[in-house]
$ cat protein08.cif   # mmCIF, C-alpha atoms
data_entry
loop_
_atom_site.label_atom_id
_atom_site.label_comp_id
_atom_site.auth_asym_id
_atom_site.auth_seq_id
_atom_site.Cartn_x
_atom_site.Cartn_y
_atom_site.Cartn_z
CA MET A 1 0.00 0.00 0.00
CA LEU A 2 1.15 3.54 -0.67
CA THR A 3 1.89 5.40 2.56
CA LEU A 4 1.06 8.87 1.21
CA ILE A 5 -2.26 8.18 -0.50
CA ASP A 6 -3.70 11.25 1.26
CA THR A 7 -1.53 13.40 -0.99
CA ARG A 8 -3.58 12.41 -4.03
CA GLU A 9 -7.11 13.19 -5.12
CA LEU A 10 -9.30 11.47 -7.67
CA VAL A 11 -10.53 14.17 -10.05
CA THR A 12 -13.39 14.28 -12.55
CA LEU A 13 -13.45 16.95 -15.24
CA GLU A 14 -15.93 17.30 -18.08
CA THR A 15 -15.02 18.30 -21.63
CA SER A 16 -17.45 18.26 -24.57
CA GLY A 17 -19.99 16.43 -22.41
CA ILE A 18 -17.61 13.56 -21.57
CA ARG A 19 -16.46 12.91 -18.02
CA LEU A 20 -12.72 12.38 -17.75
CA ARG A 21 -11.25 10.84 -14.62
CA GLY A 22 -7.75 11.31 -13.35
CA THR A 23 -5.43 11.56 -10.37
CA TYR A 24 -4.22 14.84 -8.91
CA HIS A 25 -0.91 14.73 -7.04
CA LEU A 26 -0.97 17.66 -4.62
CA PRO A 27 2.25 19.70 -4.60
CA ALA A 28 4.42 20.04 -1.53
CA ASP A 29 5.09 23.42 0.02
CA ALA A 30 8.74 24.32 -0.48
CA SER A 31 9.24 25.30 3.18
CA SER A 32 7.01 22.98 5.19
CA GLY A 33 6.66 19.98 2.89
CA SER A 34 2.90 19.93 3.52
CA ARG A 35 0.49 19.08 0.70
CA SER A 36 -2.45 21.27 -0.28
CA SER A 37 -4.32 22.25 -3.42
CA ALA A 38 -3.73 25.87 -2.37
CA ASN A 39 -0.01 25.30 -2.93
CA ALA A 40 -0.71 24.82 -6.64
CA GLN A 41 -1.49 28.48 -7.26
CA ASN A 42 0.94 30.45 -9.43
CA ARG A 43 2.87 27.31 -10.35
CA SER A 44 3.03 25.37 -13.58
CA ALA A 45 1.27 22.02 -13.46
CA VAL A 46 2.34 18.86 -15.31
CA LEU A 47 -0.30 16.87 -17.18
CA PHE A 48 0.49 13.27 -18.15
CA LEU A 49 -1.46 11.78 -21.08
CA ASN A 50 -2.10 8.11 -21.92
CA SER A 51 0.35 6.30 -24.12
CA LEU A 52 -1.87 4.62 -26.71
CA ALA A 53 -4.32 2.43 -24.73
CA LEU A 54 -2.26 2.14 -21.54
CA PRO A 55 -3.98 3.33 -18.33
CA ARG A 56 -2.87 6.63 -16.81
CA ALA A 57 -0.46 4.89 -14.41
CA ALA A 58 1.59 3.78 -17.47
CA THR A 59 3.92 0.78 -17.69
CA GLY A 60 5.03 -0.43 -14.26
CA ASP A 61 3.22 2.54 -12.63
CA SER A 62 6.00 4.73 -14.04
CA ALA A 63 3.76 7.76 -14.66
CA ALA A 64 2.44 7.52 -11.10
CA TYR A 65 6.03 7.45 -9.84
CA TRP A 66 7.07 10.51 -11.88
CA ALA A 67 3.94 12.47 -11.00
CA GLU A 68 4.43 11.81 -7.31
CA SER A 69 8.10 12.77 -7.45
CA LEU A 70 7.22 16.06 -9.17
CA ALA A 71 4.57 16.77 -6.54
CA VAL A 72 7.12 16.24 -3.79
CA PHE A 73 9.37 18.67 -5.64
CA GLY A 74 6.56 21.25 -5.61
CA TYR A 75 4.84 20.89 -8.99
CA PRO A 76 1.13 19.97 -9.11
CA ALA A 77 0.85 16.88 -11.31
CA PHE A 78 -2.15 15.34 -13.04
CA ARG A 79 -2.64 11.98 -14.75
CA PHE A 80 -5.81 11.75 -16.83
CA ASP A 81 -7.38 9.00 -18.89
CA LEU A 82 -8.52 10.32 -22.27
CA PRO A 83 -12.01 9.50 -23.65
CA GLY A 84 -12.61 5.77 -24.00
CA LEU A 85 -9.47 4.89 -22.03
CA GLY A 86 -9.01 3.73 -18.45
CA ASP A 87 -11.62 5.14 -16.08
CA SER A 88 -12.89 7.90 -18.36
CA ASP A 89 -16.22 7.87 -20.18
CA GLY A 90 -16.55 7.77 -23.94
CA GLU A 91 -16.09 5.12 -26.60
CA ALA A 92 -12.63 4.04 -27.68
CA THR A 93 -12.07 4.12 -31.42
CA THR A 94 -11.38 0.82 -33.16
CA ASP A 95 -8.26 2.27 -34.84
CA ILE A 96 -6.78 4.20 -31.94
CA LEU A 97 -3.31 4.50 -33.48
CA SER A 98 -4.57 6.27 -36.60
CA PHE A 99 -6.85 8.41 -34.42
CA ILE A 100 -3.90 9.57 -32.32
CA ASN A 101 -1.60 10.09 -35.30
CA SER A 102 -4.15 12.43 -36.87
CA GLY A 103 -4.51 14.50 -33.69
CA GLY A 104 -7.76 12.95 -32.48
CA TYR A 105 -7.11 13.69 -28.79
CA ALA A 106 -5.71 17.21 -29.32
CA SER A 107 -8.88 19.15 -28.51
CA THR A 108 -9.60 17.05 -25.41
CA ALA A 109 -6.06 17.44 -24.05
CA ALA A 110 -6.16 21.20 -24.72
CA ALA A 111 -9.51 21.45 -22.93
CA LEU A 112 -8.06 19.51 -20.00
CA ALA A 113 -5.22 22.00 -19.72
CA GLN A 114 -7.70 24.88 -19.73
CA GLU A 115 -9.86 23.24 -17.02
CA ILE A 116 -6.81 22.59 -14.82
CA VAL A 117 -5.68 26.23 -15.09
CA GLN A 118 -9.14 27.53 -14.22
CA ARG A 119 -9.92 25.12 -11.39
CA TYR A 120 -6.52 25.09 -9.66
CA SER A 121 -5.30 28.62 -10.49
CA VAL A 122 -2.00 27.35 -11.88
CA SER A 123 -0.04 29.60 -14.21
CA GLY A 124 -0.05 27.08 -17.04
CA VAL A 125 0.37 23.41 -17.92
CA VAL A 126 3.34 21.41 -19.13
CA VAL A 127 1.95 18.51 -21.18
CA ALA A 128 3.88 15.23 -20.96
CA GLY A 129 3.48 12.15 -23.09
CA HIS A 130 5.29 8.95 -23.94
CA CYS A 131 5.36 7.43 -27.45
CA ALA A 132 1.81 7.85 -28.81
CA GLY A 133 1.07 10.04 -25.79
CA ALA A 134 3.85 12.37 -26.97
CA VAL A 135 2.05 12.66 -30.31
CA SER A 136 -1.16 13.70 -28.54
CA ALA A 137 0.80 16.14 -26.36
CA LEU A 138 2.39 17.80 -29.38
CA TYR A 139 -0.93 18.19 -31.18
CA ALA A 140 -2.48 19.62 -28.01
CA ALA A 141 0.31 22.17 -27.54
CA ALA A 142 -0.35 23.60 -31.00
CA SER A 143 -3.90 24.55 -29.97
CA SER A 144 -3.53 25.28 -26.24
CA PRO A 145 -2.77 28.81 -24.99
CA GLU A 146 -2.36 27.31 -21.51
CA CYS A 147 0.54 25.06 -22.57
CA ARG A 148 3.81 26.28 -21.03
CA GLY A 149 6.02 23.44 -22.20
CA LEU A 150 6.23 19.91 -23.56
CA ILE A 151 7.85 16.72 -22.27
CA LEU A 152 8.11 14.19 -25.09
CA MET A 153 9.42 10.72 -24.28
CA ASP A 154 10.42 8.70 -27.35
CA PRO A 155 8.13 10.59 -29.73
CA TYR A 156 7.80 9.39 -33.30
CA PHE A 157 7.16 11.50 -36.39
CA HIS A 158 6.25 8.76 -38.85
CA LEU A 159 3.06 6.78 -39.38
CA PRO A 160 3.67 3.33 -37.88
CA VAL A 161 1.67 0.31 -38.95
CA ALA A 162 -1.00 -0.52 -36.38
CA LYS A 163 -0.67 -4.29 -36.77
CA ARG A 164 2.05 -6.11 -38.63
CA PRO A 165 1.06 -9.16 -40.71
CA LYS A 166 1.51 -12.51 -38.96
CA VAL A 167 4.05 -13.60 -41.56
CA ARG A 168 6.20 -10.58 -40.80
CA GLU A 169 5.92 -11.20 -37.06
CA GLU A 170 7.17 -14.76 -37.57
CA LEU A 171 9.94 -13.53 -39.84
CA SER A 172 11.07 -11.01 -37.23
CA GLY A 173 11.20 -13.77 -34.63
CA TRP A 174 13.32 -15.92 -36.93
CA VAL A 175 15.70 -12.98 -37.58
CA ARG A 176 16.25 -12.51 -33.84
CA ARG A 177 16.94 -16.22 -33.26
CA SER A 178 18.98 -17.05 -36.37
CA LYS A 179 22.55 -16.08 -37.19
CA LEU A 180 21.67 -16.13 -40.89
CA GLY A 181 18.61 -14.01 -40.15
CA ARG A 182 20.68 -11.38 -38.37
CA LEU A 183 23.10 -11.30 -41.30
CA LEU A 184 20.26 -10.79 -43.79
CA SER A 185 18.77 -8.12 -41.53
CA ASN A 186 22.07 -6.23 -41.53
CA LEU A 187 22.25 -6.43 -45.33
CA TYR A 188 18.69 -5.10 -45.52
CA ASP A 189 19.65 -2.19 -43.24
CA ARG A 190 22.64 -1.38 -45.44
CA ALA A 191 20.43 -1.36 -48.54
CA ASN A 192 18.05 1.05 -46.82
CA HIS A 193 21.00 3.22 -45.79
CA LEU A 194 22.12 3.45 -49.41
CA ARG A 195 18.58 4.37 -50.47
CA LEU A 196 18.46 7.14 -47.85
CA PHE A 197 21.81 8.44 -49.05
CA PHE A 198 20.51 8.93 -52.58
CA ARG A 199 17.27 10.50 -51.29
CA GLY A 200 19.23 13.20 -49.50
CA SER A 201 17.20 15.26 -47.02
CA ALA A 202 13.83 14.32 -48.53
CA LEU A 203 11.31 12.95 -46.03
CA PRO A 204 10.36 9.28 -46.33
CA GLY A 205 6.90 8.39 -47.57
CA ASN A 206 5.75 7.38 -44.07
CA ALA A 207 6.43 10.83 -42.55
CA ASN A 208 3.59 12.31 -40.49
CA THR A 209 3.72 15.72 -42.17
CA ARG A 210 0.81 17.10 -40.13
CA LEU A 211 2.58 16.28 -36.87
CA LEU A 212 5.86 17.73 -38.15
CA GLY A 213 3.93 20.90 -38.99
CA CYS A 214 2.71 21.12 -35.38
CA TRP A 215 6.26 20.55 -34.18
CA ARG A 216 7.57 23.36 -36.35
CA GLN A 217 4.80 25.67 -35.11
CA VAL A 218 5.41 25.20 -31.38
CA ALA A 219 9.18 24.72 -31.48
CA SER A 220 9.90 27.72 -33.70
CA ALA A 221 7.74 29.88 -31.41
CA GLY A 222 10.12 29.14 -28.54
CA LEU A 223 7.96 26.81 -26.45
CA PRO A 224 10.26 24.93 -24.02
CA ILE A 225 10.46 21.27 -25.05
CA LEU A 226 12.21 18.39 -23.30
CA LEU A 227 12.79 15.50 -25.69
CA LEU A 228 13.92 12.21 -24.15
CA LYS A 229 15.21 9.40 -26.36
CA ALA A 230 15.68 5.78 -25.32
CA PRO A 231 18.02 3.34 -27.07
CA GLY A 232 16.29 1.70 -30.04
CA ILE A 233 16.61 -1.76 -31.50
CA LYS A 234 19.94 -2.04 -33.37
CA ALA A 235 20.45 1.68 -32.79
CA GLN A 236 23.80 3.40 -32.50
CA GLY A 237 23.44 5.40 -29.31
CA ALA A 238 21.09 8.31 -29.90
CA LYS A 239 21.15 7.64 -33.63
CA PRO A 240 18.55 5.30 -35.19
CA ARG A 241 19.47 1.93 -36.66
CA VAL A 242 21.32 1.91 -39.95
CA GLY A 243 18.91 2.58 -42.80
CA GLU A 244 16.31 4.44 -40.73
CA PHE A 245 15.60 8.12 -41.30
CA ASP A 246 16.65 10.23 -38.31
CA TYR A 247 13.37 11.99 -37.54
CA ILE A 248 14.66 13.43 -34.25
CA GLN A 249 17.58 15.13 -35.97
CA HIS A 250 15.23 16.40 -38.66
CA ALA A 251 12.82 17.77 -36.04
CA ILE A 252 15.59 19.62 -34.22
CA LYS A 253 16.86 21.02 -37.52
CA ILE A 254 13.48 22.48 -38.54
CA ALA A 255 12.80 23.86 -35.05
CA GLY A 256 14.57 27.08 -35.98
CA ARG A 257 16.82 29.54 -34.15
CA ARG A 258 14.23 30.60 -31.60
CA SER A 259 13.61 27.06 -30.44
CA ARG A 260 14.17 25.98 -26.84
CA VAL A 261 14.47 22.25 -27.41
CA THR A 262 16.47 20.18 -24.92
CA SER A 263 17.25 16.72 -26.29
CA GLU A 264 18.58 14.03 -23.95
CA PHE A 265 19.59 10.45 -24.65
CA VAL A 266 18.68 8.17 -21.71
CA GLN A 267 21.37 5.49 -21.71
CA GLY A 268 20.25 2.20 -20.16
CA ALA A 269 16.52 2.86 -20.50
CA ASP A 270 14.14 0.72 -22.48
CA HIS A 271 11.42 2.18 -24.66
CA SER A 272 8.97 2.41 -21.75
CA PHE A 273 11.54 4.23 -19.54
CA ALA A 274 9.99 2.13 -16.75
CA ASN A 275 13.03 0.01 -15.97
CA CYS A 276 15.34 1.02 -13.11
CA ALA A 277 17.77 3.11 -15.17
CA GLY A 278 14.98 4.69 -17.19
CA ARG A 279 12.66 5.85 -14.45
CA ILE A 280 15.44 7.31 -12.31
CA ALA A 281 17.04 9.15 -15.24
CA VAL A 282 13.68 10.51 -16.41
CA GLU A 283 12.90 11.74 -12.90
CA HIS A 284 16.14 13.76 -12.81
CA HIS A 285 15.70 15.12 -16.34
CA PHE A 286 12.17 16.22 -15.42
CA LYS A 287 13.15 18.16 -12.30
CA ASN A 288 16.26 19.77 -13.83
CA TRP A 289 14.39 20.91 -16.94
CA LEU A 290 11.36 22.19 -15.00
CA THR A 291 13.59 24.13 -12.60
CA THR A 292 15.09 25.96 -15.59
CA CYS A 293 12.01 26.44 -17.80
CA CYS A 294 9.16 26.67 -15.28
CA PRO A 295 10.73 27.62 -11.94
CA LEU A 296 8.69 27.45 -8.76
CA PRO A 297 7.74 30.69 -6.95
CA THR A 298 10.15 29.74 -4.17
CA PRO A 299 13.63 28.77 -5.44
CA GLN A 300 14.30 25.08 -5.00
CA THR A 301 17.34 23.20 -6.24
CA ALA A 302 17.75 19.68 -7.48
CA ASP A 303 19.95 18.90 -4.43
CA GLU A 304 17.07 19.84 -2.12
CA PHE A 305 14.81 17.52 -4.04
CA ASP A 306 17.24 14.61 -3.73
CA SER A 307 16.97 14.77 0.04
CA VAL A 308 13.19 14.27 -0.04
CA SER A 309 11.70 10.78 0.12
CA VAL A 310 9.03 10.46 -2.55
CA ILE A 311 6.92 7.59 -1.23
CA ASP A 312 7.38 4.25 0.49
CA PRO A 313 11.07 3.50 -0.30
CA GLN A 314 10.69 -0.27 -0.09
CA LEU A 315 7.72 -0.31 -2.44
CA TYR A 316 9.39 1.76 -5.13
CA HIS A 317 12.80 0.18 -4.73
CA ALA A 318 11.18 -3.15 -5.57
CA ALA A 319 9.25 -1.61 -8.47
CA ALA A 320 12.35 0.08 -9.87
CA LEU A 321 14.27 -3.18 -9.96
CA ARG A 322 11.74 -4.75 -12.30
CA THR A 323 12.40 -4.57 -16.00
CA ALA A 324 9.25 -3.51 -17.79
CA ALA A 325 7.83 -6.08 -20.17
CA ALA A 326 7.39 -5.17 -23.81
CA ASP A 327 3.99 -3.74 -24.67
CA ALA A 328 2.71 -5.42 -27.81
CA ASP A 329 0.28 -2.54 -28.42
CA CYS A 330 2.97 0.14 -28.31
CA ALA A 331 3.39 2.09 -31.52
CA LEU A 332 7.17 1.75 -31.48
CA GLU A 333 7.79 -1.52 -29.64
CA ASN A 334 8.45 -3.37 -32.91
CA ARG A 335 10.38 -0.60 -34.65
#
$ encode --input "protein08.cif" --output "structure tokens"
Amino acid sequence: MLTLIDTRELVTLETSGIRLRGTYHLPADASSGSRSSANAQNRSAVLFLNSLALPRAATGDSAAYWAESLAVFGYPAFRFDLPGLGDSDGEATTDILSFINSGGYASTAAALAQEIVQRYSVSGVVVAGHCAGAVSALYAAASSPECRGLILMDPYFHLPVAKRPKVREELSGWVRRSKLGRLLSNLYDRANHLRLFFRGSALPGNANTRLLGCWRQVASAGLPILLLKAPGIKAQGAKPRVGEFDYIQHAIKIAGRRSRVTSEFVQGADHSFANCAGRIAVEHHFKNWLTTCCPLPTPQTADEFDSVSVIDPQLYHAAALRTAAADADCALENR
């Protein structure tokens, strides 16, 4: 059981006639450490969105962990289920990946940010999302005056296939198990690399041009953006695997001179960022970036935060040691 459950509130907000349910992590007062909704005033809040169909707690309760750690640090944090997901009302679309990639949740997320600002008197909202949730966050930022920043964890700027054919799934399994398969896979990557070389800087056919347009809009306007990248399959550090177009590099390039994009490579994380190395690194990147871009009314340093116990140490030490299992429904798990 969590020992500080009294520092959270279950919240219901209504947008477009649909009731959305979420969890509010009350911020700590910088001087006393007490929790109160009154402490949220004149601070930026952090809003976590669902990643595809995952519940608002995210893989291994990682979003709950990060939201609680930010609340201890002094930032009000919210985790909401979008329409048709988790505890919220509404019908889930049958093709949720295409719905998200076209900005289907943008208006709802923007309305959520507006409701949070009005109800809790915060100065603005930093919208955070992982994978498909990062796509929704980026679309929302383009239409939300209340958005004060973006936290994008392993975002993607292409249009992934919702469900790979069974034959291809079996072929991928054979490639991973077979020495010959790995050799053929490397040759295939090299062929793709040569094709990219001759294409030059032209975008691949699977580029999500609408999403890249939103990125250019918010990044070139100077909105603070924290971009976290996990190691990919057959990747070379922060670079993608051989033969894959580097969408992150392209996004940073088109952001423009006024951009305030901070890009960090999280060594040792998996795609979910929910393993031990991932969740701890993300927690530190969050607090350091927020301190710079959305400082609290009372100055508070990262060293002060490190001395604060977030929640039951034994519970979260055990959780952090677990390696998150792959999510078959994740948009990028099979990249």
$ resolve_selection --input "protein08.cif" --expression "the PyMOL selection byres ((chain A and resi 66) around 10)" --output "ChimeraX atom specification"
/A:48,57,61-65,67-72,77,279-280,282-284,286-287,310
$ residues_around --input "protein08.cif" --residues "segment 215-220 of chain A" --least-positions-apart "3" --cutoff "7 Å" --atoms "all atoms listed in the file" --output "list in words"
Leu138, Ala142, Leu211, Leu212, Leu223, Ile254, Ala255, Gly256, Arg258, Ser259 and Arg260 of chain A
$ write_last_selection --input "protein08.cif" --atoms "C-alpha atoms" --output "PDB file, in the frame of the given file"
ATOM      1  CA  LEU A 138       2.390  17.800 -29.380  1.00  0.00           C
ATOM      2  CA  ALA A 142      -0.350  23.600 -31.000  1.00  0.00           C
ATOM      3  CA  LEU A 211       2.580  16.280 -36.870  1.00  0.00           C
ATOM      4  CA  LEU A 212       5.860  17.730 -38.150  1.00  0.00           C
ATOM      5  CA  LEU A 223       7.960  26.810 -26.450  1.00  0.00           C
ATOM      6  CA  ILE A 254      13.480  22.480 -38.540  1.00  0.00           C
ATOM      7  CA  ALA A 255      12.800  23.860 -35.050  1.00  0.00           C
ATOM      8  CA  GLY A 256      14.570  27.080 -35.980  1.00  0.00           C
ATOM      9  CA  ARG A 258      14.230  30.600 -31.600  1.00  0.00           C
ATOM     10  CA  SER A 259      13.610  27.060 -30.440  1.00  0.00           C
ATOM     11  CA  ARG A 260      14.170  25.980 -26.840  1.00  0.00           C
TER      12      ARG A 260
END
$ closest_residue --input "protein08.cif" --among "A:Gly103, A:Ala111, A:Gly232, A:Phe73" --to "Gly17 of chain A" --atoms "all atoms listed in the file"
A:Ala111
$ atom_distance --input "protein08.cif" --atom1 "atom CA of Gly213 of chain A" --atom2 "atom CA of Ala132 of chain A"
16.7 Å
$ closest_residue --input "protein08.cif" --among "A:Arg119, A:Arg19, A:Lys229, A:Arg148" --to "Leu85 of chain A" --atoms "all atoms listed in the file"
A:Arg19
$ residues_around --input "protein08.cif" --residues "Ala207 of chain A" --least-positions-apart "4" --cutoff "10 Å" --atoms "all atoms listed in the file" --output "list of chain:residue names"
A:Tyr156, A:Phe157, A:His158, A:Leu159, A:Pro160, A:Leu203, A:Leu211, A:Leu212, A:Phe245, A:Tyr247
$ closest_residue --input "protein08.cif" --among "A:Ile116, A:Ile225, A:Cys147, A:Val135" --to "Cys293 of chain A" --atoms "only C-alpha atoms"
A:Ile225
$ resolve_selection --input "protein08.cif" --expression "the PyMOL selection byres ((chain A and resi 80) around 8)" --output "list in words"
Leu20, Arg21, Gly22, Thr23, Leu47, Phe48, Leu49, Asn50, Arg56, Phe78, Arg79, Asp81 and Leu82 of chain A
$ atom_distance --input "protein08.cif" --atom1 "atom CA of Gln118 of chain A" --atom2 "atom CA of Ser36 of chain A"
16.7 Å
$ resolve_selection --input "protein08.cif" --expression "the PyMOL selection byres ((chain A and resi 43) around 6)" --output "VMD selection string"
chain A and resid 40 to 42 44 122 to 123
$ atom_distance --input "protein08.cif" --atom1 "atom CA of Glu14 of chain A" --atom2 "atom CA of Pro83 of chain A"
10.4 Å
$ closest_residue --input "protein08.cif" --among "A:Gly205, A:Tyr105, A:Ile100, A:Ser51" --to "Ser272 of chain A" --atoms "only C-alpha atoms"
A:Ser51
$ closest_residue --input "protein08.cif" --among "A:Val11, A:Leu152, A:Cys276, A:Ala109" --to "Leu26 of chain A" --atoms "all atoms listed in the file"
A:Val11
$ residues_around --input "protein08.cif" --residues "Ala113 of chain A" --least-positions-apart "6" --cutoff "10 Å" --atoms "all atoms listed in the file" --output "PyMOL selection string"
chain A and resi 45-47+78+107+124-127+140-141+144-147
$ residues_around --input "protein08.cif" --residues "Ala277 of chain A" --least-positions-apart "5" --cutoff "8 Å" --atoms "all atoms listed in the file" --output "PyMOL selection string"
chain A and resi 267-269
$ closest_residue --input "protein08.cif" --among "A:Arg8, A:Pro76, A:Glu244, A:Val261" --to "Ala28 of chain A" --atoms "only C-alpha atoms"
A:Pro76
